[in-house]
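upload_27.cif (mmCIF, C-alpha atoms and all ligand atoms)
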data_coords
#
loop_
_atom_site.group_PDB
_atom_site.id
_atom_site.type_symbol
_atom_site.label_atom_id
_atom_site.label_comp_id
_atom_site.auth_asym_id
_atom_site.auth_seq_id
_atom_site.Cartn_x
_atom_site.Cartn_y
_atom_site.Cartn_z
ATOM 1 C CA MET A 720 120.899 92.765 -2.738
ATOM 2 C CA ALA A 721 122.177 89.802 -4.658
ATOM 3 C CA LEU A 722 125.657 88.368 -4.890
ATOM 4 C CA LYS A 723 126.261 90.237 -8.109
ATOM 5 C CA ASP A 724 125.522 93.543 -6.341
ATOM 6 C CA LEU A 725 128.348 93.056 -3.859
ATOM 7 C CA PRO A 726 131.104 95.601 -4.391
ATOM 8 C CA LYS A 727 133.851 94.250 -6.650
ATOM 9 C CA TYR A 728 131.996 90.972 -7.279
ATOM 10 C CA ARG A 729 133.318 88.982 -10.208
ATOM 11 C CA ASP A 730 131.757 85.783 -11.453
ATOM 12 C CA ILE A 731 134.491 83.532 -12.882
ATOM 13 C CA ARG A 732 132.632 80.236 -12.582
ATOM 14 C CA LYS A 733 132.653 79.718 -16.329
ATOM 15 C CA SER A 734 136.195 80.871 -17.018
ATOM 16 C CA ILE A 735 138.236 79.419 -14.141
ATOM 17 C CA ARG A 736 140.224 76.303 -14.951
ATOM 18 C CA LYS A 737 138.503 72.978 -14.231
ATOM 19 C CA ASN A 738 139.389 69.342 -14.631
ATOM 20 C CA GLY A 739 136.064 67.642 -13.988
ATOM 21 C CA GLU A 740 133.078 68.340 -11.764
ATOM 22 C CA PHE A 741 132.599 68.424 -8.000
ATOM 23 C CA PRO A 742 129.585 66.376 -6.777
ATOM 24 C CA ILE A 743 126.289 68.263 -6.681
ATOM 25 C CA VAL A 744 124.653 68.079 -3.241
ATOM 26 C CA GLY A 745 122.138 70.922 -3.464
ATOM 27 C CA THR A 746 121.886 74.085 -1.414
ATOM 28 C CA ALA A 747 119.432 72.816 1.236
ATOM 29 C CA VAL A 748 122.255 70.965 3.028
ATOM 30 C CA LYS A 749 124.386 74.091 3.184
ATOM 31 C CA ASP A 750 124.273 75.378 6.752
ATOM 32 C CA THR A 751 127.891 76.406 7.305
ATOM 33 C CA HIS A 752 130.192 79.075 5.901
ATOM 34 C CA VAL A 753 133.859 78.131 6.361
ATOM 35 C CA ILE A 754 136.528 80.838 6.295
ATOM 36 C CA HIS A 755 140.061 80.138 5.066
ATOM 37 C CA HIS A 756 143.190 82.088 4.374
ATOM 38 C CA SER A 757 145.261 81.093 1.369
ATOM 39 C CA MET A 758 148.472 80.807 3.440
ATOM 40 C CA THR A 759 150.203 82.382 0.456
ATOM 41 C CA LYS A 760 151.460 85.922 0.656
ATOM 42 C CA GLN A 761 149.368 88.757 -0.695
ATOM 43 C CA GLY A 762 150.589 89.991 -4.036
ATOM 44 C CA LEU A 763 152.420 86.793 -4.988
ATOM 45 C CA GLN A 764 151.877 85.757 -8.574
ATOM 46 C CA GLY A 765 150.071 82.551 -7.614
ATOM 47 C CA SER A 766 147.934 84.160 -4.902
ATOM 48 C CA THR A 767 144.887 84.264 -7.188
ATOM 49 C CA PRO A 768 141.902 82.010 -7.887
ATOM 50 C CA GLU A 769 143.695 80.751 -10.984
ATOM 51 C CA GLY A 770 146.816 79.968 -8.939
ATOM 52 C CA PHE A 771 144.789 78.047 -6.348
ATOM 53 C CA ALA A 772 142.909 76.195 -9.105
ATOM 54 C CA ASN A 773 146.232 75.113 -10.586
ATOM 55 C CA THR A 774 147.442 73.819 -7.221
ATOM 56 C CA HIS A 775 144.188 72.034 -6.427
ATOM 57 C CA ILE A 776 144.054 70.382 -9.847
ATOM 58 C CA ASP A 777 147.724 69.649 -10.490
ATOM 59 C CA LYS A 778 148.967 68.901 -6.961
ATOM 60 C CA ASN A 779 145.812 67.595 -5.260
ATOM 61 C CA GLY A 780 144.139 65.987 -8.277
ATOM 62 C CA TRP A 781 140.827 67.728 -7.594
ATOM 63 C CA PRO A 782 138.232 68.766 -10.225
ATOM 64 C CA GLY A 783 138.903 72.450 -9.628
ATOM 65 C CA ILE A 784 139.498 75.169 -7.067
ATOM 66 C CA ALA A 785 138.222 74.116 -3.639
ATOM 67 C CA TYR A 786 136.717 77.490 -2.689
ATOM 68 C CA ALA A 787 133.373 78.930 -3.705
ATOM 69 C CA PHE A 788 134.757 82.430 -3.158
ATOM 70 C CA VAL A 789 138.199 84.019 -3.095
ATOM 71 C CA ILE A 790 138.586 87.508 -1.612
ATOM 72 C CA MET A 791 141.553 89.483 -2.901
ATOM 73 C CA PRO A 792 143.476 92.125 -0.894
ATOM 74 C CA ASP A 793 141.746 94.854 -2.922
ATOM 75 C CA GLY A 794 138.346 93.481 -1.886
ATOM 76 C CA THR A 795 137.508 91.774 -5.166
ATOM 77 C CA ILE A 796 135.237 88.789 -4.537
ATOM 78 C CA TYR A 797 135.805 86.060 -7.108
ATOM 79 C CA HIS A 798 132.903 83.645 -7.345
ATOM 80 C CA CYS A 799 134.554 80.374 -8.392
ATOM 81 C CA ASN A 800 132.042 77.551 -7.790
ATOM 82 C CA ASN A 801 128.285 77.022 -7.723
ATOM 83 C CA LEU A 802 126.892 76.913 -4.198
ATOM 84 C CA ASP A 803 125.273 73.487 -4.597
ATOM 85 C CA LEU A 804 128.593 71.636 -4.894
ATOM 86 C CA ARG A 805 130.553 69.582 -2.411
ATOM 87 C CA THR A 806 134.014 70.999 -2.968
ATOM 88 C CA PHE A 807 137.062 69.754 -1.086
ATOM 89 C CA HIS A 808 138.034 72.444 1.388
ATOM 90 C CA ALA A 809 137.089 71.213 4.864
ATOM 91 C CA GLY A 810 137.049 67.395 5.050
ATOM 92 C CA ASP A 811 133.938 66.030 6.770
ATOM 93 C CA THR A 812 132.377 69.497 6.641
ATOM 94 C CA ASN A 813 132.492 69.710 2.828
ATOM 95 C CA THR A 814 128.920 68.633 2.106
ATOM 96 C CA ARG A 815 127.261 71.125 4.433
ATOM 97 C CA SER A 816 129.544 74.071 3.779
ATOM 98 C CA ILE A 817 130.547 76.886 1.471
ATOM 99 C CA GLY A 818 134.248 77.756 1.500
ATOM 100 C CA THR A 819 135.573 81.296 1.275
ATOM 101 C CA CYS A 820 139.286 82.017 1.095
ATOM 102 C CA LEU A 821 140.908 85.343 1.935
ATOM 103 C CA VAL A 822 144.197 85.787 0.114
ATOM 104 C CA GLY A 823 147.077 86.145 2.556
ATOM 105 C CA ASP A 824 149.159 84.330 5.139
ATOM 106 C CA PHE A 825 147.527 85.325 8.409
ATOM 107 C CA ARG A 826 149.668 83.190 10.697
ATOM 108 C CA LYS A 827 151.704 84.952 13.400
ATOM 109 C CA ASP A 828 154.461 82.403 12.879
ATOM 110 C CA GLY A 829 154.123 82.651 9.097
ATOM 111 C CA ALA A 830 154.149 85.846 7.051
ATOM 112 C CA ALA A 831 151.983 87.478 9.764
ATOM 113 C CA GLU A 832 149.914 89.361 7.217
ATOM 114 C CA LYS A 833 146.461 90.635 8.088
ATOM 115 C CA PRO A 834 143.332 90.969 6.005
ATOM 116 C CA THR A 835 143.075 94.389 4.425
ATOM 117 C CA ALA A 836 140.164 96.650 5.348
ATOM 118 C CA GLU A 837 138.783 95.916 1.859
ATOM 119 C CA GLN A 838 138.935 92.161 2.454
ATOM 120 C CA ILE A 839 137.216 92.530 5.800
ATOM 121 C CA GLU A 840 134.455 94.616 4.324
ATOM 122 C CA ALA A 841 134.004 92.143 1.474
ATOM 123 C CA LEU A 842 133.883 89.166 3.852
ATOM 124 C CA TYR A 843 131.331 90.878 6.068
ATOM 125 C CA LEU A 844 129.041 91.635 3.131
ATOM 126 C CA LEU A 845 129.498 88.277 1.439
ATOM 127 C CA ASN A 846 128.798 86.378 4.646
ATOM 128 C CA LYS A 847 125.633 88.367 5.266
ATOM 129 C CA GLU A 848 124.515 87.732 1.710
ATOM 130 C CA LEU A 849 125.018 83.962 2.006
ATOM 131 C CA TYR A 850 122.601 83.868 4.941
ATOM 132 C CA LYS A 851 119.967 85.531 2.784
ATOM 133 C CA LEU A 852 120.675 83.363 -0.202
ATOM 134 C CA LEU A 853 120.894 79.922 1.416
ATOM 135 C CA PRO A 854 117.760 78.911 3.309
ATOM 136 C CA ASN A 855 119.447 76.810 6.008
ATOM 137 C CA MET A 856 122.643 78.748 6.605
ATOM 138 C CA LYS A 857 123.200 79.045 10.332
ATOM 139 C CA ARG A 858 126.862 79.334 11.272
ATOM 140 C CA THR A 859 130.149 80.744 10.110
ATOM 141 C CA ILE A 860 133.314 79.074 11.355
ATOM 142 C CA GLY A 861 137.040 79.051 10.705
ATOM 143 C CA HIS A 862 138.595 76.095 8.914
ATOM 144 C CA GLN A 863 140.317 75.052 12.145
ATOM 145 C CA GLU A 864 136.936 74.702 13.854
ATOM 146 C CA CYS A 865 135.887 71.998 11.401
ATOM 147 C CA PRO A 866 136.188 68.503 12.901
ATOM 148 C CA GLY A 867 139.688 67.148 12.251
ATOM 149 C CA TYR A 868 141.312 70.522 11.589
ATOM 150 C CA SER A 869 142.043 71.900 15.052
ATOM 151 C CA TRP A 870 145.754 71.535 14.218
ATOM 152 C CA LYS A 871 145.459 73.879 11.272
ATOM 153 C CA ASN A 872 146.134 77.583 11.763
ATOM 154 C CA CYS A 873 143.450 78.605 9.280
ATOM 155 C CA PRO A 874 142.156 81.276 8.776
ATOM 156 C CA GLY A 875 145.160 82.441 10.814
ATOM 157 C CA ASP A 876 145.718 84.008 14.232
ATOM 158 C CA THR A 877 146.642 87.568 13.286
ATOM 159 C CA TRP A 878 142.969 88.515 13.084
ATOM 160 C CA ASN A 879 139.600 87.555 14.492
ATOM 161 C CA TYR A 880 137.106 86.627 11.815
ATOM 162 C CA LYS A 881 134.361 86.406 14.452
ATOM 163 C CA ASP A 882 134.598 90.154 15.033
ATOM 164 C CA VAL A 883 134.218 90.709 11.330
ATOM 165 C CA ILE A 884 131.172 88.574 10.742
ATOM 166 C CA ALA A 885 129.552 89.568 14.055
ATOM 167 C CA GLY A 886 128.958 92.943 12.501
ATOM 168 C CA LYS A 887 131.536 94.842 14.467
ATOM 169 C CA GLY A 888 132.195 94.312 10.823
ATOM 170 C CA MET A 889 133.477 97.240 8.920
ATOM 171 C CA ALA A 890 133.887 99.479 11.952
ATOM 172 C CA ALA A 891 136.097 96.815 13.459
ATOM 173 C CA ALA A 892 137.988 96.376 10.236
ATOM 174 C CA LYS A 893 140.682 98.912 10.880
ATOM 175 C CA GLN A 894 140.996 97.874 14.503
ATOM 176 C CA THR A 895 141.451 94.265 13.527
ATOM 177 C CA VAL A 896 144.407 95.316 11.427
ATOM 178 C CA LEU A 897 146.492 95.915 14.555
ATOM 179 C CA GLU A 898 145.511 93.742 17.491
ATOM 180 C CA GLY A 899 147.623 91.733 19.892
ATOM 181 C CA TRP A 900 151.368 91.041 19.798
ATOM 182 C CA LYS A 901 153.481 92.403 17.008
ATOM 183 C CA LYS A 902 157.248 92.210 16.523
ATOM 184 C CA GLU A 903 158.872 95.352 15.154
ATOM 185 C CA ASN A 904 162.660 95.721 14.843
ATOM 186 C CA SER A 905 163.102 92.638 17.049
ATOM 187 C CA LYS A 906 161.046 94.205 19.853
ATOM 188 C CA TRP A 907 157.601 93.035 20.911
ATOM 189 C CA TYR A 908 154.627 95.383 21.214
ATOM 190 C CA PHE A 909 151.023 94.743 22.181
ATOM 191 C CA TYR A 910 148.221 96.447 20.279
ATOM 192 C CA GLU A 911 144.646 97.031 21.225
ATOM 193 C CA ALA A 912 142.320 98.643 18.731
ATOM 194 C CA GLY A 913 145.326 99.729 16.710
ATOM 195 C CA LYS A 914 147.116 101.402 19.642
ATOM 196 C CA LYS A 915 150.379 100.345 21.290
ATOM 197 C CA GLN A 916 149.739 99.507 24.928
ATOM 198 C CA THR A 917 152.003 100.431 27.869
ATOM 199 C CA GLY A 918 152.338 99.250 31.474
ATOM 200 C CA TRP A 919 150.962 95.954 32.720
ATOM 201 C CA ILE A 920 148.770 93.940 30.384
ATOM 202 C CA LYS A 921 147.176 90.538 30.750
ATOM 203 C CA ASP A 922 147.138 88.175 27.808
ATOM 204 C CA LYS A 923 145.844 84.601 28.012
ATOM 205 C CA SER A 924 145.929 84.758 31.828
ATOM 206 C CA ARG A 925 149.595 85.847 31.979
ATOM 207 C CA TRP A 926 150.933 89.282 32.875
ATOM 208 C CA TYR A 927 153.425 91.269 30.801
ATOM 209 C CA TYR A 928 155.028 94.665 31.254
ATOM 210 C CA LEU A 929 155.413 97.174 28.429
ATOM 211 C CA ASP A 930 157.575 100.262 28.984
ATOM 212 C CA SER A 931 156.452 103.792 28.144
ATOM 213 C CA ALA A 932 157.365 103.225 24.477
ATOM 214 C CA GLY A 933 155.318 100.030 24.462
ATOM 215 C CA VAL A 934 158.322 97.672 24.353
ATOM 216 C CA MET A 935 157.839 94.346 26.125
ATOM 217 C CA LYS A 936 160.320 94.001 28.997
ATOM 218 C CA THR A 937 162.184 90.912 30.158
ATOM 219 C CA GLY A 938 164.280 90.297 33.295
ATOM 220 C CA TRP A 939 164.016 92.406 36.469
ATOM 221 C CA ILE A 940 161.923 95.538 36.573
ATOM 222 C CA LYS A 941 161.111 97.847 39.465
ATOM 223 C CA TYR A 942 157.498 98.935 39.648
ATOM 224 C CA LYS A 943 156.106 101.049 42.510
ATOM 225 C CA GLU A 944 159.143 100.256 44.687
ATOM 226 C CA LYS A 945 158.771 96.519 44.154
ATOM 227 C CA TRP A 946 160.829 94.159 42.020
ATOM 228 C CA TYR A 947 159.274 91.837 39.459
ATOM 229 C CA TYR A 948 160.859 89.251 37.213
ATOM 230 C CA LEU A 949 159.756 88.810 33.594
ATOM 231 C CA ASN A 950 160.657 85.568 31.844
ATOM 232 C CA THR A 951 162.421 85.601 28.475
ATOM 233 C CA ASP A 952 159.008 85.361 26.780
ATOM 234 C CA GLY A 953 157.960 88.453 28.729
ATOM 235 C CA SER A 954 155.521 86.702 31.050
ATOM 236 C CA MET A 955 155.701 87.643 34.728
ATOM 237 C CA ALA A 956 157.231 84.998 36.972
ATOM 238 C CA THR A 957 155.837 83.833 40.292
ATOM 239 C CA GLY A 958 157.204 81.443 42.880
ATOM 240 C CA VAL A 959 160.867 80.489 43.049
ATOM 241 C CA ILE A 960 163.206 81.539 40.264
ATOM 242 C CA GLN A 961 166.931 81.284 39.844
ATOM 243 C CA ASP A 962 168.923 84.196 38.480
ATOM 244 C CA LYS A 963 172.721 84.288 38.252
ATOM 245 C CA GLY A 964 173.011 81.420 40.725
ATOM 246 C CA LYS A 965 170.737 82.961 43.371
ATOM 247 C CA LEU A 966 167.219 81.931 44.277
ATOM 248 C CA TYR A 967 164.442 84.480 44.617
ATOM 249 C CA TYR A 968 160.876 84.174 45.710
ATOM 250 C CA LEU A 969 158.166 86.061 43.862
ATOM 251 C CA ASN A 970 154.753 86.397 45.462
ATOM 252 C CA GLN A 971 151.627 85.322 43.653
ATOM 253 C CA ASN A 972 151.178 88.929 42.452
ATOM 254 C CA GLY A 973 154.720 88.789 41.054
ATOM 255 C CA SER A 974 156.392 91.098 43.530
ATOM 256 C CA MET A 975 159.709 89.893 44.938
ATOM 257 C CA ALA A 976 159.769 88.918 48.583
ATOM 258 C CA ALA A 977 162.545 90.878 50.328
ATOM 259 C CA ASP A 978 163.682 91.091 53.919
ATOM 260 C CA SER A 979 161.068 88.557 54.912
ATOM 261 C CA LYS A 980 160.644 84.886 55.595
ATOM 262 C CA VAL A 981 159.182 82.761 52.838
ATOM 263 C CA ASN A 982 157.779 79.296 53.201
ATOM 264 C CA VAL A 983 158.519 77.193 50.195
ATOM 265 C CA ILE A 984 157.760 73.514 50.055
ATOM 266 C CA LEU A 985 160.639 71.628 48.490
ATOM 267 C CA LYS A 986 160.227 68.302 46.824
ATOM 268 C CA ALA A 987 163.046 65.786 46.594
ATOM 269 C CA GLY A 988 163.332 64.070 43.243
ATOM 270 C CA LYS A 989 164.539 60.495 42.678
ATOM 271 C CA ASP A 990 168.067 61.863 42.294
ATOM 272 C CA GLY A 991 167.729 63.698 45.591
ATOM 273 C CA ALA A 992 167.721 67.151 44.017
ATOM 274 C CA LEU A 993 165.362 69.620 45.654
ATOM 275 C CA THR A 994 162.898 71.623 43.632
ATOM 276 C CA PRO A 995 160.122 73.991 44.779
HETATM 277 ZN ZN ZN B 1 141.796 76.473 5.278
#
Would you mind writing the file's structure down as structure tokens?
Amino acid sequence: MALKDLPKYRDIRKSIRKNGEFPIVGTAVKDTHVIHHSMTKQGLQGSTPEGFANTHIDKNGWPGIAYAFVIMPDGTIYHCNNLDLRTFHAGDTNTRSIGTCLVGDFRKDGAAEKPTAEQIEALYLLNKELYKLLPNMKRTIGHQECPGYSWKNCPGDTWNYKDVIAGKGMAAAKQTVLEGWKKENSKWYFYEAGKKQTGWIKDKSRWYYLDSAGVMKTGWIKYKEKWYYLNTDGSMATGVIQDKGKLYYLNQNGSMAADSKVNVILKAGKDGALTP
């Protein structure tokens, strides 16, 4: 298979707007495939290779679009730049890398979109093809894994590109669509493999409780005859908490200590106030 045999592959290298040339560095130095999201919503007028080219030329003053490939929500793969160029998409990683951008805003605290199944399939196939095509290709990383970009939520946290390229690939595509926390009608739910979870779940080493409808609970809950307290972010509290002016002690497993003696070490601050 060649690039041109990828489903919905479109070569626009000759037609896409340019305003100069990116430096040619050859393909032997290319050992990294960097994944981006466009951070623009899917379906917006400017969420296209042409739109990104306009921004990169007019706003950034670059010779053209920064990405070698743009993957549209319908799975179309636009080939925008030759693979031997150093385009400006990942700072110090530019020389050694090829940049691919999936159209969408995949930030939980942004538009919280997710790649479509078509985009995931296209990325999986394109990535595989780049390893065949480029002799020294050896890793695929997200933009935020490039040195200097750890602050950047790219390619977004609503999906896991590693699952996609690891070849869970297309089978994982539909699962990836619903994974983790999702807010619906101002209630929080937690998805695994596309299914709403219920009961206790652990996420990033914290416990949460989801009722039988999957809704994340906050405040006091009674579970198996024991009381637990869930913070306003849903995470289970331990240790001393204050609620409506009273102090409570929650064991390390979260259950409330009742009718028992608890030993809490208090620390006096500079102002004399005691805290656990
Ligand atoms: Zn990026």
Pick out the residues sitting within 8 Å of Phe788 in chain A, and hand them over as an mmCIF file with C-alpha atoms, in the coordinates of the input; count all atoms listed in the file, and ignore anything fewer than 2 positions along from it in its own chain.
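After the write, out_29.cif holds the following:
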data_model
loop_
_atom_site.group_PDB
_atom_site.id
_atom_site.type_symbol
_atom_site.label_atom_id
_atom_site.label_comp_id
_atom_site.auth_asym_id
_atom_site.auth_seq_id
_atom_site.Cartn_x
_atom_site.Cartn_y
_atom_site.Cartn_z
ATOM 1 C CA TYR A 786 136.717 77.490 -2.689
ATOM 2 C CA ILE A 790 138.586 87.508 -1.612
ATOM 3 C CA ILE A 796 135.237 88.789 -4.537
ATOM 4 C CA TYR A 797 135.805 86.060 -7.108
ATOM 5 C CA HIS A 798 132.903 83.645 -7.345
ATOM 6 C CA CYS A 799 134.554 80.374 -8.392
ATOM 7 C CA ASN A 800 132.042 77.551 -7.790
ATOM 8 C CA GLY A 818 134.248 77.756 1.500
ATOM 9 C CA THR A 819 135.573 81.296 1.275
ATOM 10 C CA CYS A 820 139.286 82.017 1.095
#
Requested in this report: Enumerate residues in contact with ligand ZN 1 (chain B): an atom-to-atom distance of at most 7 Å, counting only C-alpha atoms and all ligand atoms. Format the result as a list in words.
Outcome: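 Protein and nucleic-acid residues within 7 Å of ligand ZN 1 (chain B): Ile754, His755, His756, Ser757, His808, His862, Cys873 and Pro874 of chain A.
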Non-local contacts of Tyr968 in chain A (8 Å; only C-alpha atoms; under 3 positions in same chain excluded) as a compact mmCIF listing (two decimals) with C-alpha atoms, in the coordinates of the input:
# COMPACT_ATOMS: atom_id res chain seq x y z
CA THR A 957 155.84 83.83 40.29
CA GLY A 958 157.20 81.44 42.88
CA VAL A 959 160.87 80.49 43.05
CA ILE A 960 163.21 81.54 40.26
CA MET A 975 159.71 89.89 44.94
CA ALA A 976 159.77 88.92 48.58
CA VAL A 981 159.18 82.76 52.84
Query raised in the report: Care to translate the PyMOL selection byres (((chain A and resi 809) around 12) and not hetatm) into actual residues of this file, as a PyMOL selection string?
Result: chain A and resi 751-755+785-786+805-808+810-820+860-869+871+873-874
Requested in this report: Taking the file above as input, evaluate the PyMOL selection byres (((chain A and resi 922) around 12) and not hetatm) and report the hits as a count of residues only.
Outcome: 19
Requested in this report: Enter the distance from CA of Tyr948 in chain A to CA of Val983 in chain A, in Å, rounded to one decimal.
Outcome: 17.9 Å
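Minimum distance to Lys936 in chain A across A:Leu725, A:Ala987, A:Val883, A:Leu949 (counting all atoms listed in the file) occurs at A:Leu949.
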List every residue of range 819-887 of chain A that has an atom at most 12 Å from any atom of range 733-745 of chain A, giving for each one its closest atom pair and the distance in Å to one decimal, counting all atoms listed in the file, sorted by chain and then by ascending residue number, as a tab-separated table.
residue	atom	partner	partner_atom	distance
A:Leu853	CA	A:Gly745	CA	10.3
A:Pro854	CA	A:Gly745	CA	11.4
A:Asn855	CA	A:Gly745	CA	11.5
Can you give me, as a tab-separated table (two decimals) with C-alpha atoms, in the frame of the given file, the residues this file yields under the PyMOL selection byres (((chain A and resi 759) around 7) and not hetatm)?
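And here is the file that came out, result-v6.tsv:
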chain	number	residue	atom	x	y	z
A	757	SER	CA	145.26	81.09	1.37
A	758	MET	CA	148.47	80.81	3.44
A	760	LYS	CA	151.46	85.92	0.66
A	761	GLN	CA	149.37	88.76	-0.70
A	766	SER	CA	147.93	84.16	-4.90
A	822	VAL	CA	144.20	85.79	0.11
A	823	GLY	CA	147.08	86.14	2.56
A	824	ASP	CA	149.16	84.33	5.14
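Checking A:Ile776, A:Leu802, A:Leu821, A:Met856 one by one against Tyr880 in chain A, counting all atoms listed in the file, you find the shortest gap at A:Leu821.
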Report task. For Phe771 in chain A, please output as a ChimeraX atom specification all residues within 7 Å (counting all atoms listed in the file; exclusion window: fewer than 4 positions along the same chain). Result -> /A:767,775,784
Query - Using all atoms listed in the file: which of A:Asn972, A:Thr994, A:Thr859, A:Thr937 has the shortest distance to Asp750 in chain A - result: A:Thr859
Report task. Take CA of Leu993 in chain A and CA of Lys980 in chain A and report the distance between them in Å, one decimal. Result ->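 Result for CA of Leu993 in chain A versus CA of Lys980 in chain A: 18.8 Å, one decimal.
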Is it possible to add N, CA and C atoms to range 750-774 of chain A and hand it back as a PDB file, keeping the file's coordinate frame?
ATOM      1  N   ASP A 750     124.606  74.618   5.537  1.00  0.00           N
ATOM      2  CA  ASP A 750     124.273  75.378   6.752  1.00  0.00           C
ATOM      3  C   ASP A 750     125.500  76.042   7.368  1.00  0.00           C
ATOM      4  N   THR A 751     126.642  75.930   6.704  1.00  0.00           N
ATOM      5  CA  THR A 751     127.891  76.406   7.305  1.00  0.00           C
ATOM      6  C   THR A 751     128.736  77.170   6.286  1.00  0.00           C
ATOM      7  N   HIS A 752     129.250  78.316   6.721  1.00  0.00           N
ATOM      8  CA  HIS A 752     130.192  79.075   5.901  1.00  0.00           C
ATOM      9  C   HIS A 752     131.565  78.929   6.551  1.00  0.00           C
ATOM     10  N   VAL A 753     132.517  78.375   5.813  1.00  0.00           N
ATOM     11  CA  VAL A 753     133.859  78.131   6.361  1.00  0.00           C
ATOM     12  C   VAL A 753     134.848  79.154   5.782  1.00  0.00           C
ATOM     13  N   ILE A 754     135.563  79.812   6.706  1.00  0.00           N
ATOM     14  CA  ILE A 754     136.528  80.838   6.295  1.00  0.00           C
ATOM     15  C   ILE A 754     137.944  80.258   6.281  1.00  0.00           C
ATOM     16  N   HIS A 755     138.654  80.542   5.207  1.00  0.00           N
ATOM     17  CA  HIS A 755     140.061  80.138   5.066  1.00  0.00           C
ATOM     18  C   HIS A 755     140.937  81.361   4.801  1.00  0.00           C
ATOM     19  N   HIS A 756     142.238  81.186   5.021  1.00  0.00           N
ATOM     20  CA  HIS A 756     143.190  82.088   4.374  1.00  0.00           C
ATOM     21  C   HIS A 756     143.983  81.239   3.380  1.00  0.00           C
ATOM     22  N   SER A 757     144.606  81.887   2.418  1.00  0.00           N
ATOM     23  CA  SER A 757     145.261  81.093   1.369  1.00  0.00           C
ATOM     24  C   SER A 757     146.611  80.566   1.837  1.00  0.00           C
ATOM     25  N   MET A 758     147.150  81.157   2.931  1.00  0.00           N
ATOM     26  CA  MET A 758     148.472  80.807   3.440  1.00  0.00           C
ATOM     27  C   MET A 758     149.575  81.124   2.420  1.00  0.00           C
ATOM     28  N   THR A 759     149.206  81.874   1.400  1.00  0.00           N
ATOM     29  CA  THR A 759     150.203  82.382   0.456  1.00  0.00           C
ATOM     30  C   THR A 759     150.200  83.893   0.598  1.00  0.00           C
ATOM     31  N   LYS A 760     151.347  84.487   0.400  1.00  0.00           N
ATOM     32  CA  LYS A 760     151.460  85.922   0.656  1.00  0.00           C
ATOM     33  C   LYS A 760     150.641  86.728  -0.338  1.00  0.00           C
ATOM     34  N   GLN A 761     150.134  87.849   0.153  1.00  0.00           N
ATOM     35  CA  GLN A 761     149.368  88.757  -0.695  1.00  0.00           C
ATOM     36  C   GLN A 761     150.300  89.324  -1.759  1.00  0.00           C
ATOM     37  N   GLY A 762     149.797  89.383  -2.969  1.00  0.00           N
ATOM     38  CA  GLY A 762     150.589  89.991  -4.036  1.00  0.00           C
ATOM     39  C   GLY A 762     151.501  89.018  -4.774  1.00  0.00           C
ATOM     40  N   LEU A 763     151.643  87.802  -4.257  1.00  0.00           N
ATOM     41  CA  LEU A 763     152.420  86.793  -4.988  1.00  0.00           C
ATOM     42  C   LEU A 763     151.698  86.450  -6.291  1.00  0.00           C
ATOM     43  N   GLN A 764     152.469  86.047  -7.275  1.00  0.00           N
ATOM     44  CA  GLN A 764     151.877  85.757  -8.574  1.00  0.00           C
ATOM     45  C   GLN A 764     150.789  84.683  -8.510  1.00  0.00           C
ATOM     46  N   GLY A 765     151.043  83.653  -7.689  1.00  0.00           N
ATOM     47  CA  GLY A 765     150.071  82.551  -7.614  1.00  0.00           C
ATOM     48  C   GLY A 765     148.947  82.771  -6.616  1.00  0.00           C
ATOM     49  N   SER A 766     148.960  83.896  -5.914  1.00  0.00           N
ATOM     50  CA  SER A 766     147.934  84.160  -4.902  1.00  0.00           C
ATOM     51  C   SER A 766     146.657  84.689  -5.538  1.00  0.00           C
ATOM     52  N   THR A 767     146.089  83.885  -6.435  1.00  0.00           N
ATOM     53  CA  THR A 767     144.887  84.264  -7.188  1.00  0.00           C
ATOM     54  C   THR A 767     144.020  83.014  -7.326  1.00  0.00           C
ATOM     55  N   PRO A 768     142.750  83.187  -7.668  1.00  0.00           N
ATOM     56  CA  PRO A 768     141.902  82.010  -7.887  1.00  0.00           C
ATOM     57  C   PRO A 768     142.532  81.048  -8.904  1.00  0.00           C
ATOM     58  N   GLU A 769     143.083  81.598  -9.956  1.00  0.00           N
ATOM     59  CA  GLU A 769     143.695  80.751 -10.984  1.00  0.00           C
ATOM     60  C   GLU A 769     144.876  79.965 -10.402  1.00  0.00           C
ATOM     61  N   GLY A 770     145.678  80.632  -9.589  1.00  0.00           N
ATOM     62  CA  GLY A 770     146.816  79.968  -8.939  1.00  0.00           C
ATOM     63  C   GLY A 770     146.357  78.844  -8.026  1.00  0.00           C
ATOM     64  N   PHE A 771     145.293  79.092  -7.254  1.00  0.00           N
ATOM     65  CA  PHE A 771     144.789  78.047  -6.348  1.00  0.00           C
ATOM     66  C   PHE A 771     144.172  76.899  -7.151  1.00  0.00           C
ATOM     67  N   ALA A 772     143.481  77.238  -8.245  1.00  0.00           N
ATOM     68  CA  ALA A 772     142.909  76.195  -9.105  1.00  0.00           C
ATOM     69  C   ALA A 772     144.023  75.303  -9.642  1.00  0.00           C
ATOM     70  N   ASN A 773     145.105  75.905 -10.075  1.00  0.00           N
ATOM     71  CA  ASN A 773     146.232  75.113 -10.586  1.00  0.00           C
ATOM     72  C   ASN A 773     146.759  74.153  -9.521  1.00  0.00           C
ATOM     73  N   THR A 774     146.948  74.670  -8.304  1.00  0.00           N
ATOM     74  CA  THR A 774     147.442  73.819  -7.221  1.00  0.00           C
ATOM     75  C   THR A 774     146.455  72.693  -6.916  1.00  0.00           C
TER      76      THR A 774
END
